[in-house]
$ cat query.tsv   # TSV, C-alpha atoms
chain	number	residue	atom	x	y	z
F	1027	MET	CA	109.80	117.10	84.62
F	1028	PHE	CA	112.92	115.52	86.16
F	1029	ARG	CA	114.26	118.83	87.46
F	1030	THR	CA	110.86	119.82	88.84
F	1031	ARG	CA	110.55	116.46	90.56
F	1032	ILE	CA	113.97	116.84	92.22
F	1033	ILE	CA	113.25	120.39	93.42
F	1034	VAL	CA	109.75	119.68	94.72
F	1035	GLY	CA	110.80	116.37	96.26
F	1036	SER	CA	113.67	118.05	98.12
F	1037	ILE	CA	111.32	120.74	99.44
F	1038	LEU	CA	108.81	118.14	100.65
F	1039	ALA	CA	111.54	116.06	102.33
F	1040	ALA	CA	112.91	119.17	104.06
F	1041	LEU	CA	109.41	120.08	105.24
F	1042	VAL	CA	108.89	116.64	106.77
F	1043	PHE	CA	112.32	116.64	108.43
F	1044	ALA	CA	111.70	120.13	109.82
F	1045	ALA	CA	108.32	119.12	111.24
F	1046	LEU	CA	109.80	115.99	112.86
F	1047	PHE	CA	112.82	117.65	114.44
F	1048	LEU	CA	111.30	121.02	115.39
F	1049	ASP	CA	108.46	119.17	117.07
F	1050	GLY	CA	110.97	118.12	119.73
F	1051	HIS	CA	110.51	121.59	121.24
F	1052	PHE	CA	106.80	120.85	121.74
F	1053	ALA	CA	107.13	117.32	123.16
F	1054	PRO	CA	105.14	115.31	124.01
F	1055	ARG	CA	102.28	116.76	121.94
F	1056	TYR	CA	104.22	117.15	118.65
F	1057	PRO	CA	101.64	119.44	117.00
F	1058	LEU	CA	103.63	120.18	113.82
F	1059	PHE	CA	103.70	116.54	112.80
F	1060	MET	CA	100.01	116.14	113.57
F	1061	VAL	CA	99.09	119.21	111.53
F	1062	LEU	CA	101.17	117.89	108.61
F	1063	ILE	CA	99.36	114.53	108.81
F	1064	LEU	CA	95.90	116.12	108.99
F	1065	VAL	CA	96.56	118.50	106.08
F	1066	GLY	CA	97.90	115.63	103.99
F	1067	GLY	CA	94.96	113.42	104.93
F	1068	THR	CA	92.47	116.15	104.02
F	1069	LEU	CA	94.05	116.81	100.62
F	1070	ALA	CA	94.39	113.10	99.85
F	1071	CYS	CA	90.75	112.47	100.80
F	1072	HIS	CA	89.64	115.32	98.54
F	1073	GLU	CA	91.61	113.85	95.65
F	1074	MET	CA	90.30	110.33	96.16
F	1075	LEU	CA	86.69	111.47	96.34
F	1076	ALA	CA	87.20	113.28	93.03
F	1077	LEU	CA	88.53	110.06	91.48
F	1078	ILE	CA	85.46	108.01	92.44
F	1079	ARG	CA	82.60	107.90	89.95
F	1080	ALA	CA	79.86	110.36	90.88
F	1081	ASP	CA	77.04	107.81	91.26
F	1082	ILE	CA	78.97	105.75	93.83
F	1083	ARG	CA	80.91	108.59	95.45
F	1084	PRO	CA	80.68	108.66	99.28
F	1085	VAL	CA	79.09	111.55	101.11
F	1086	SER	CA	82.05	113.91	101.48
F	1087	TRP	CA	81.48	114.94	105.12
F	1088	LEU	CA	81.25	111.29	106.21
F	1089	ALA	CA	84.45	110.34	104.39
F	1090	PHE	CA	86.38	113.35	105.74
F	1091	ALA	CA	85.10	112.69	109.26
F	1092	GLY	CA	86.20	109.06	109.14
F	1093	VAL	CA	89.65	109.81	107.72
F	1094	LEU	CA	90.42	112.60	110.18
F	1095	ALA	CA	89.02	110.67	113.17
F	1096	ALA	CA	91.22	107.66	112.37
F	1097	LEU	CA	94.31	109.86	111.97
F	1098	MET	CA	93.61	111.74	115.20
F	1099	GLY	CA	93.01	108.60	117.29
F	1100	PRO	CA	96.62	107.90	118.40
F	1101	TRP	CA	97.18	111.60	119.15
F	1102	LEU	CA	94.04	111.79	121.29
F	1103	GLU	CA	94.98	108.69	123.24
F	1104	ALA	CA	98.49	110.01	123.92
F	1105	ASN	CA	97.61	113.63	124.72
F	1106	VAL	CA	94.01	113.80	125.91
F	1107	GLY	CA	93.81	110.48	127.71
F	1108	ILE	CA	90.91	109.16	125.66
F	1109	HIS	CA	91.50	105.42	125.82
F	1110	ARG	CA	90.15	102.83	123.43
F	1111	ILE	CA	90.87	105.22	120.59
F	1112	GLY	CA	94.41	104.05	119.93
F	1113	ALA	CA	94.57	100.33	119.09
F	1114	ASN	CA	90.83	99.67	119.37
F	1115	GLY	CA	89.94	103.12	118.11
F	1116	ARG	CA	90.55	102.10	114.50
F	1117	ALA	CA	87.81	99.49	114.78
F	1118	VAL	CA	85.56	102.04	116.50
F	1119	VAL	CA	86.01	104.56	113.69
F	1120	VAL	CA	85.32	101.99	110.97
F	1121	THR	CA	82.24	100.73	112.81
F	1122	VAL	CA	80.79	104.22	113.35
F	1123	ILE	CA	81.43	105.20	109.72
F	1124	ALA	CA	79.85	101.94	108.49
F	1125	LEU	CA	76.77	102.63	110.62
F	1126	GLY	CA	76.63	106.21	109.39
F	1127	ALA	CA	76.98	105.19	105.73
F	1128	PHE	CA	74.21	102.59	106.03
F	1129	LEU	CA	71.89	104.96	107.93
F	1130	ARG	CA	72.41	107.65	105.33
F	1131	GLU	CA	71.51	105.25	102.51
F	1132	LEU	CA	68.43	104.10	104.41
F	1133	TRP	CA	67.33	107.72	104.75
F	1134	VAL	CA	67.77	108.69	101.08
F	1135	TYR	CA	66.91	105.32	99.48
F	1136	SER	CA	64.59	105.63	96.48
F	1137	GLY	CA	65.04	102.28	94.75
F	1138	PRO	CA	67.69	99.78	93.60
F	1139	GLY	CA	70.85	101.43	92.39
F	1140	GLN	CA	74.16	102.38	93.94
F	1141	ALA	CA	73.51	102.29	97.69
F	1142	ILE	CA	75.78	99.35	98.56
F	1143	PRO	CA	78.66	100.54	96.30
F	1144	ARG	CA	78.49	103.93	98.05
F	1145	VAL	CA	78.74	102.28	101.47
F	1146	ALA	CA	81.67	100.17	100.25
F	1147	MET	CA	83.46	103.19	98.79
F	1148	THR	CA	83.00	105.10	102.04
F	1149	LEU	CA	84.71	102.31	103.95
F	1150	LEU	CA	87.46	102.05	101.33
F	1151	VAL	CA	88.32	105.74	101.66
F	1152	VAL	CA	88.38	105.59	105.47
F	1153	LEU	CA	90.46	102.40	105.56
F	1154	TYR	CA	92.91	103.53	102.89
F	1155	LEU	CA	93.46	107.13	103.96
F	1156	GLY	CA	92.58	107.00	107.65
F	1157	VAL	CA	93.18	103.62	109.26
F	1158	MET	CA	96.28	102.55	107.32
F	1159	PRO	CA	98.29	105.80	107.75
F	1160	SER	CA	97.15	106.09	111.37
F	1161	TYR	CA	99.78	103.45	112.20
F	1162	LEU	CA	102.35	106.04	111.14
F	1163	VAL	CA	100.89	108.44	113.70
F	1164	SER	CA	101.12	105.74	116.37
F	1165	LEU	CA	104.89	105.54	115.87
F	1166	ARG	CA	105.26	109.13	117.14
F	1167	TRP	CA	103.94	108.18	120.57
F	1168	LEU	CA	105.68	104.92	121.39
F	1169	PRO	CA	105.30	104.39	125.16
F	1170	PRO	CA	106.84	105.55	127.38
F	1171	ARG	CA	106.98	108.86	125.53
F	1172	GLU	CA	109.51	110.60	127.75
F	1173	GLU	CA	112.06	107.78	127.85
F	1174	ASP	CA	111.61	106.59	124.28
F	1175	ALA	CA	111.46	109.88	122.39
F	1176	GLN	CA	114.59	109.20	120.33
F	1177	ARG	CA	113.45	105.74	119.34
F	1178	ALA	CA	110.01	107.06	118.38
F	1179	LEU	CA	111.60	109.68	116.14
F	1180	GLN	CA	113.94	107.13	114.59
F	1181	THR	CA	111.21	104.60	113.85
F	1182	LEU	CA	109.06	107.31	112.32
F	1183	ILE	CA	111.90	108.44	110.06
F	1184	LEU	CA	112.46	104.83	108.96
F	1185	ALA	CA	108.75	104.30	108.27
F	1186	ILE	CA	108.56	107.43	106.10
F	1187	PHE	CA	111.87	107.59	104.29
F	1188	VAL	CA	112.58	103.90	103.59
F	1189	PRO	CA	109.59	103.59	101.22
F	1190	LYS	CA	110.21	107.06	99.80
F	1191	CYS	CA	113.85	106.22	99.10
F	1192	GLY	CA	112.48	103.14	97.36
F	1193	ASP	CA	110.37	105.45	95.19
F	1194	ILE	CA	113.47	107.47	94.34
F	1195	GLY	CA	115.44	104.33	93.52
F	1196	ALA	CA	112.67	103.00	91.29
F	1197	TYR	CA	112.41	106.31	89.44
F	1198	LEU	CA	116.14	106.81	88.90
F	1199	THR	CA	117.07	103.26	87.94
F	1200	GLY	CA	113.96	102.85	85.84
F	1201	ARG	CA	114.74	106.08	84.02
F	1202	MET	CA	118.36	105.12	83.37
F	1203	PHE	CA	118.23	101.35	82.91
F	1204	GLY	CA	114.57	100.37	82.56
F	1205	ARG	CA	113.94	97.97	79.68
F	1206	HIS	CA	111.51	95.31	80.86
F	1207	ARG	CA	108.01	96.43	81.79
F	1208	MET	CA	106.67	95.09	85.05
F	1209	THR	CA	102.97	96.03	84.92
F	1210	PRO	CA	102.10	97.32	81.44
F	1211	LEU	CA	98.38	97.59	82.19
F	1212	LEU	CA	98.52	99.26	85.59
F	1213	SER	CA	101.63	101.40	85.20
F	1214	PRO	CA	103.38	101.15	81.80
F	1215	GLN	CA	106.47	103.08	82.92
F	1216	LYS	CA	107.37	100.73	85.78
F	1217	THR	CA	110.13	98.25	84.99
F	1218	TRP	CA	111.81	95.31	86.71
F	1219	GLU	CA	115.05	97.30	86.69
F	1220	GLY	CA	113.27	100.06	88.57
F	1221	ALA	CA	111.91	97.48	91.04
F	1222	LEU	CA	115.46	96.30	91.76
F	1223	GLY	CA	116.53	99.91	92.30
F	1224	ALA	CA	113.63	100.41	94.73
F	1225	ILE	CA	114.76	97.42	96.79
F	1226	LEU	CA	118.41	98.50	96.83
F	1227	PHE	CA	117.61	102.10	97.80
F	1228	SER	CA	115.17	100.95	100.48
F	1229	CYS	CA	117.74	98.61	102.02
F	1230	GLY	CA	120.37	101.36	101.95
F	1231	ALA	CA	117.97	103.80	103.64
F	1232	ALA	CA	117.05	101.23	106.28
F	1233	ILE	CA	120.69	100.51	107.16
F	1234	THR	CA	121.53	104.23	107.26
F	1235	GLY	CA	118.55	105.04	109.49
F	1236	ALA	CA	119.10	102.08	111.81
F	1237	SER	CA	122.77	103.02	112.32
F	1238	TRP	CA	121.80	106.28	114.01
F	1239	GLY	CA	122.15	106.05	117.80
F	1240	GLY	CA	122.42	102.74	119.63
F	1241	ARG	CA	122.46	99.50	117.68
F	1242	PRO	CA	120.68	96.34	118.92
F	1243	ALA	CA	121.93	92.84	118.16
F	1244	ALA	CA	121.97	91.84	114.47
F	1245	TRP	CA	120.79	95.32	113.51
F	1246	VAL	CA	122.22	95.12	109.98
F	1247	VAL	CA	120.30	91.90	109.22
F	1248	LYS	CA	117.09	93.35	110.66
F	1249	ALA	CA	117.58	96.55	108.67
F	1250	LEU	CA	118.11	94.60	105.45
F	1251	VAL	CA	114.96	92.54	106.01
F	1252	PHE	CA	113.00	95.68	106.84
F	1253	GLY	CA	114.29	97.43	103.72
F	1254	LEU	CA	113.50	94.42	101.54
F	1255	VAL	CA	109.93	94.06	102.85
F	1256	ILE	CA	109.10	97.76	102.92
F	1257	GLY	CA	110.74	98.36	99.54
F	1258	GLY	CA	108.58	95.64	97.99
F	1259	LEU	CA	105.41	96.79	99.73
F	1260	GLY	CA	106.12	100.39	98.77
F	1261	MET	CA	106.03	99.38	95.10
F	1262	CYS	CA	102.75	97.56	95.75
F	1263	GLY	CA	101.40	100.74	97.34
F	1264	ASP	CA	102.32	102.69	94.23
F	1265	LEU	CA	100.57	100.09	92.09
F	1266	ALA	CA	97.53	100.09	94.38
F	1267	GLU	CA	97.11	103.81	93.80
F	1268	SER	CA	97.62	103.21	90.07
F	1269	LEU	CA	94.79	100.67	90.25
F	1270	ILE	CA	92.50	103.29	91.78
F	1271	LYS	CA	93.44	105.80	89.08
F	1272	ARG	CA	93.04	103.30	86.23
F	1273	GLU	CA	89.61	102.28	87.49
F	1274	SER	CA	88.73	105.99	87.51
F	1275	PHE	CA	90.32	106.66	84.08
F	1276	HIS	CA	92.80	109.19	85.49
F	1277	LYS	CA	96.55	109.42	84.95
F	1278	ASP	CA	97.26	111.40	88.15
F	1279	ALA	CA	95.24	111.98	91.29
F	1280	SER	CA	95.46	115.74	90.65
F	1281	ASP	CA	97.99	118.41	89.66
F	1282	THR	CA	98.51	119.70	93.21
F	1283	VAL	CA	102.19	118.73	93.49
F	1284	PRO	CA	104.32	119.77	90.48
F	1285	GLY	CA	106.36	116.92	89.05
F	1286	PHE	CA	104.44	114.26	90.98
F	1287	GLY	CA	100.74	114.76	90.31
F	1288	GLY	CA	98.66	114.85	93.45
F	1289	VAL	CA	99.17	114.30	97.16
F	1290	LEU	CA	98.05	110.69	96.69
F	1291	ASP	CA	100.84	110.21	94.16
F	1292	VAL	CA	103.35	111.39	96.78
F	1293	VAL	CA	102.15	109.41	99.80
F	1294	ASP	CA	100.89	106.17	98.20
F	1295	SER	CA	103.89	104.03	99.17
F	1296	VAL	CA	104.04	105.36	102.75
F	1297	VAL	CA	100.29	104.84	103.26
F	1298	PHE	CA	100.54	101.24	102.08
F	1299	THR	CA	103.58	100.39	104.21
F	1300	ALA	CA	102.54	102.22	107.40
F	1301	PRO	CA	100.86	99.26	109.18
F	1302	VAL	CA	103.70	96.84	108.38
F	1303	SER	CA	106.29	99.44	109.39
F	1304	TYR	CA	104.54	99.84	112.74
F	1305	TRP	CA	104.31	96.10	113.38
F	1306	ALA	CA	107.92	95.51	112.36
F	1307	LEU	CA	109.42	98.43	114.28
F	1308	THR	CA	107.51	97.74	117.48
F	1309	PHE	CA	107.39	93.94	117.55
F	1310	GLU	CA	111.02	93.34	116.59
F	1311	PRO	CA	112.66	96.77	116.43
F	1312	ILE	CA	115.80	97.47	114.44
F	1313	THR	CA	116.26	100.59	116.53
F	1314	PRO	CA	117.64	101.04	120.06
F	1315	VAL	CA	115.45	99.84	122.93
$ encode --input "query.tsv" --output "structure tokens"
Amino acid sequence: MFRTRIIVGSILAALVFAALFLDGHFAPRYPLFMVLILVGGTLACHEMLALIRADIRPVSWLAFAGVLAALMGPWLEANVGIHRIGANGRAVVVTVIALGAFLRELWVYSGPGQAIPRVAMTLLVVLYLGVMPSYLVSLRWLPPREEDAQRALQTLILAIFVPKCGDIGAYLTGRMFGRHRMTPLLSPQKTWEGALGAILFSCGAAITGASWGGRPAAWVVKALVFGLVIGGLGMCGDLAESLIKRESFHKDASDTVPGFGGVLDVVDSVVFTAPVSYWALTFEPITPV
């Protein structure tokens, strides 16, 4: 398991790096990154729908439409000129999906049962797999695109690899030194020693990433704070996905990714931290401006 995890994790990291850097040849549209996001969103949505109990499972086409529309919003605003789809577009997508979910239940309603839980689950899927990770997409098109391309790439790398380095730190330190269980009901293998490793690895990744290129004032302090916050939230994202799996009586989201489980098991920390990463890296950046 450990060897498989290392090999597969290295391949996935190389794939993401390749998509991010090779996309520079296709600026400002960056299609490789967008394709990677849409494929990941589609697979994750498929896995989450399979986890949800059949009687309250959302209509698949409505869930997929909402997830993909939310993920595509920032790209459409940047490349097609469709305004009100970027910042406000997230609210538009959620509103349209909510209307669609309610209208669908009105159409098929045959008596008291699971109508409201189905509407709620539809919104949960769209918010969790569409709206939250769409903030990651927004980082790729920080305005102005032409003058800020390096900063956009750097912030995106920080937003992806700081929480993932936290995952690595939690796994390695927990495996070697873990003694005290942190959440025995949600995730029995997680330990407080692993949590400390996640924080340390996240802070190290944040400082390393922020040191690339120009360095704004107090960049080390900002990087440490970013690593601390994102490292902690990344663990919460892992636990949030564990909560979904436990409520569905599943150990893994699927067996799509050897050594990890499913796509959801790979991206859970990044999905959870994406909005905070966006707010932190754009409001008070630790990268060159």
$ residues_around --input "query.tsv" --residues "F:Val1152" --least-positions-apart "2" --cutoff "9 Å" --atoms "all atoms listed in the file" --output "list of chain:residue names"
F:Cys1071, F:Ala1089, F:Phe1090, F:Ala1091, F:Gly1092, F:Val1093, F:Leu1094, F:Ala1096, F:Val1119, F:Val1120, F:Ile1123, F:Met1147, F:Thr1148, F:Leu1149, F:Leu1150, F:Tyr1154, F:Leu1155, F:Gly1156, F:Val1157, F:Met1158
$ axis_aligned_box --input "query.tsv" --around "stretch 1282-1297 of chain F" --padding-each-side "6 Å" --output "lines of an AutoDock Vina configuration file"
center_x = 102.2
center_y = 111.9
center_z = 96.2
size_x = 20.3
size_y = 27.7
size_z = 26.2
$ residues_around --input "query.tsv" --residues "F:Asp1049" --least-positions-apart "5" --cutoff "7 Å" --atoms "all atoms listed in the file" --output "PDB file with C-alpha atoms, keeping the file's coordinate frame"
ATOM      1  CA  TYR F1056     104.220 117.150 118.650  1.00  0.00           C
ATOM      2  CA  PRO F1057     101.640 119.440 117.000  1.00  0.00           C
ATOM      3  CA  LEU F1058     103.630 120.180 113.820  1.00  0.00           C
ATOM      4  CA  PHE F1059     103.700 116.540 112.800  1.00  0.00           C
TER       5      PHE F1059
END
$ residues_around --input "query.tsv" --residues "F:Val1292" --least-positions-apart "3" --cutoff "9 Å" --atoms "all atoms listed in the file" --output "list in words"
Gly1035, Lys1190, Val1283, Phe1286, Gly1287, Gly1288, Val1289, Ser1295 and Val1296 of chain F
$ atom_distance --input "query.tsv" --atom1 "atom CA of F:Arg1083" --atom2 "atom CA of F:Ser1213"
24.2 Å
$ closest_residue --input "query.tsv" --among "F:Leu1165, F:Trp1245, F:Asp1291, F:Pro1054" --to "F:Ala1279" --atoms "all atoms listed in the file"
F:Asp1291
$ residues_near_point --input "query.tsv" --point "(106.7, 99.3, 95.9)" --cutoff "8 Å" --atoms "only C-alpha atoms" --output "ChimeraX atom specification"
/F:1189,1192-1193,1221,1224,1256-1265,1295
$ residues_around --input "query.tsv" --residues "F:Val1034" --least-positions-apart "3" --cutoff "8 Å" --atoms "all atoms listed in the file" --output "PDB file with C-alpha atoms, keeping the file's coordinate frame"
ATOM      1  CA  THR F1030     110.860 119.820  88.840  1.00  0.00           C
ATOM      2  CA  ARG F1031     110.550 116.460  90.560  1.00  0.00           C
ATOM      3  CA  ILE F1037     111.320 120.740  99.440  1.00  0.00           C
ATOM      4  CA  LEU F1038     108.810 118.140 100.650  1.00  0.00           C
ATOM      5  CA  VAL F1283     102.190 118.730  93.490  1.00  0.00           C
ATOM      6  CA  PRO F1284     104.320 119.770  90.480  1.00  0.00           C
ATOM      7  CA  GLY F1285     106.360 116.920  89.050  1.00  0.00           C
TER       8      GLY F1285
END
$ closest_residue --input "query.tsv" --among "F:Ser1086, F:Asn1105, F:Ser1036, F:Ser1303" --to "F:Met1074" --atoms "all atoms listed in the file"
F:Ser1086
$ closest_residue --input "query.tsv" --among "F:Ala1196, F:Met1098, F:Leu1125, F:Leu1069" --to "F:Ser1280" --atoms "all atoms listed in the file"
F:Leu1069
$ closest_residue --input "query.tsv" --among "F:Leu1097, F:Pro1210, F:Lys1216, F:Ala1178" --to "F:Val1061" --atoms "all atoms listed in the file"
F:Leu1097
$ atom_distance --input "query.tsv" --atom1 "atom CA of F:Tyr1197" --atom2 "atom CA of F:Val1302"
22.9 Å
$ atom_distance --input "query.tsv" --atom1 "atom CA of F:Ile1233" --atom2 "atom CA of F:Val1251"
9.9 Å
$ closest_residue --input "query.tsv" --among "F:Leu1088, F:Ala1095, F:Leu1179, F:Ala1053" --to "F:Ala1127" --atoms "all atoms listed in the file"
F:Leu1088
$ residues_near_point --input "query.tsv" --point "(116.4, 107.2, 110.9)" --cutoff "8 Å" --atoms "only C-alpha atoms" --output "number ranges by chain"
F: 1179-1184, 1232, 1234-1238
$ closest_residue --input "query.tsv" --among "F:Cys1229, F:Gly1200, F:Phe1047, F:Glu1103" --to "F:Thr1217" --atoms "only C-alpha atoms"
F:Gly1200
$ build_atoms --input "query.tsv" --residues "stretch 1138-1161 of chain F" --atoms "N, CA and C atoms" --output "CSV table (one decimal), keeping the file's coordinate frame"
chain,number,residue,atom,x,y,z
F,1138,PRO,N,66.4,100.5,93.9
F,1138,PRO,CA,67.7,99.8,93.6
F,1138,PRO,C,68.6,100.7,92.8
F,1139,GLY,N,69.9,100.6,93.1
F,1139,GLY,CA,70.8,101.4,92.4
F,1139,GLY,C,72.2,101.3,92.9
F,1140,GLN,N,72.7,102.3,93.6
F,1140,GLN,CA,74.2,102.4,93.9
F,1140,GLN,C,74.4,102.5,95.4
F,1141,ALA,N,73.4,102.1,96.2
F,1141,ALA,CA,73.5,102.3,97.7
F,1141,ALA,C,74.7,101.5,98.3
F,1142,ILE,N,74.7,100.2,98.0
F,1142,ILE,CA,75.8,99.4,98.6
F,1142,ILE,C,77.2,99.8,98.1
F,1143,PRO,N,77.4,100.0,96.7
F,1143,PRO,CA,78.7,100.5,96.3
F,1143,PRO,C,79.1,101.8,97.0
F,1144,ARG,N,78.1,102.7,97.3
F,1144,ARG,CA,78.5,103.9,98.0
F,1144,ARG,C,79.0,103.6,99.5
F,1145,VAL,N,78.3,102.7,100.1
F,1145,VAL,CA,78.7,102.3,101.5
F,1145,VAL,C,80.1,101.7,101.4
F,1146,ALA,N,80.4,100.8,100.4
F,1146,ALA,CA,81.7,100.2,100.2
F,1146,ALA,C,82.8,101.2,100.0
F,1147,MET,N,82.5,102.2,99.1
F,1147,MET,CA,83.5,103.2,98.8
F,1147,MET,C,83.8,104.1,100.0
F,1148,THR,N,82.8,104.3,100.8
F,1148,THR,CA,83.0,105.1,102.0
F,1148,THR,C,84.0,104.4,102.9
F,1149,LEU,N,83.8,103.1,103.1
F,1149,LEU,CA,84.7,102.3,104.0
F,1149,LEU,C,86.1,102.2,103.3
F,1150,LEU,N,86.2,102.1,102.0
F,1150,LEU,CA,87.5,102.0,101.3
F,1150,LEU,C,88.3,103.3,101.6
F,1151,VAL,N,87.6,104.5,101.4
F,1151,VAL,CA,88.3,105.7,101.7
F,1151,VAL,C,88.8,105.8,103.1
F,1152,VAL,N,88.0,105.5,104.1
F,1152,VAL,CA,88.4,105.6,105.5
F,1152,VAL,C,89.5,104.6,105.8
F,1153,LEU,N,89.4,103.4,105.3
F,1153,LEU,CA,90.5,102.4,105.6
F,1153,LEU,C,91.8,102.8,104.9
F,1154,TYR,N,91.7,103.2,103.7
F,1154,TYR,CA,92.9,103.5,102.9
F,1154,TYR,C,93.6,104.8,103.4
F,1155,LEU,N,92.9,105.8,103.6
F,1155,LEU,CA,93.5,107.1,104.0
F,1155,LEU,C,93.4,107.5,105.4
F,1156,GLY,N,92.7,106.7,106.2
F,1156,GLY,CA,92.6,107.0,107.6
F,1156,GLY,C,93.2,105.9,108.5
F,1157,VAL,N,92.7,104.7,108.4
F,1157,VAL,CA,93.2,103.6,109.3
F,1157,VAL,C,94.6,103.2,108.9
F,1158,MET,N,94.9,103.0,107.7
F,1158,MET,CA,96.3,102.6,107.3
F,1158,MET,C,97.4,103.6,107.7
F,1159,PRO,N,97.3,104.8,107.3
F,1159,PRO,CA,98.3,105.8,107.8
F,1159,PRO,C,98.3,106.2,109.2
F,1160,SER,N,97.2,105.8,109.9
F,1160,SER,CA,97.2,106.1,111.4
F,1160,SER,C,98.2,105.3,112.1
F,1161,TYR,N,98.7,104.2,111.6
F,1161,TYR,CA,99.8,103.4,112.2
F,1161,TYR,C,101.1,104.3,112.2
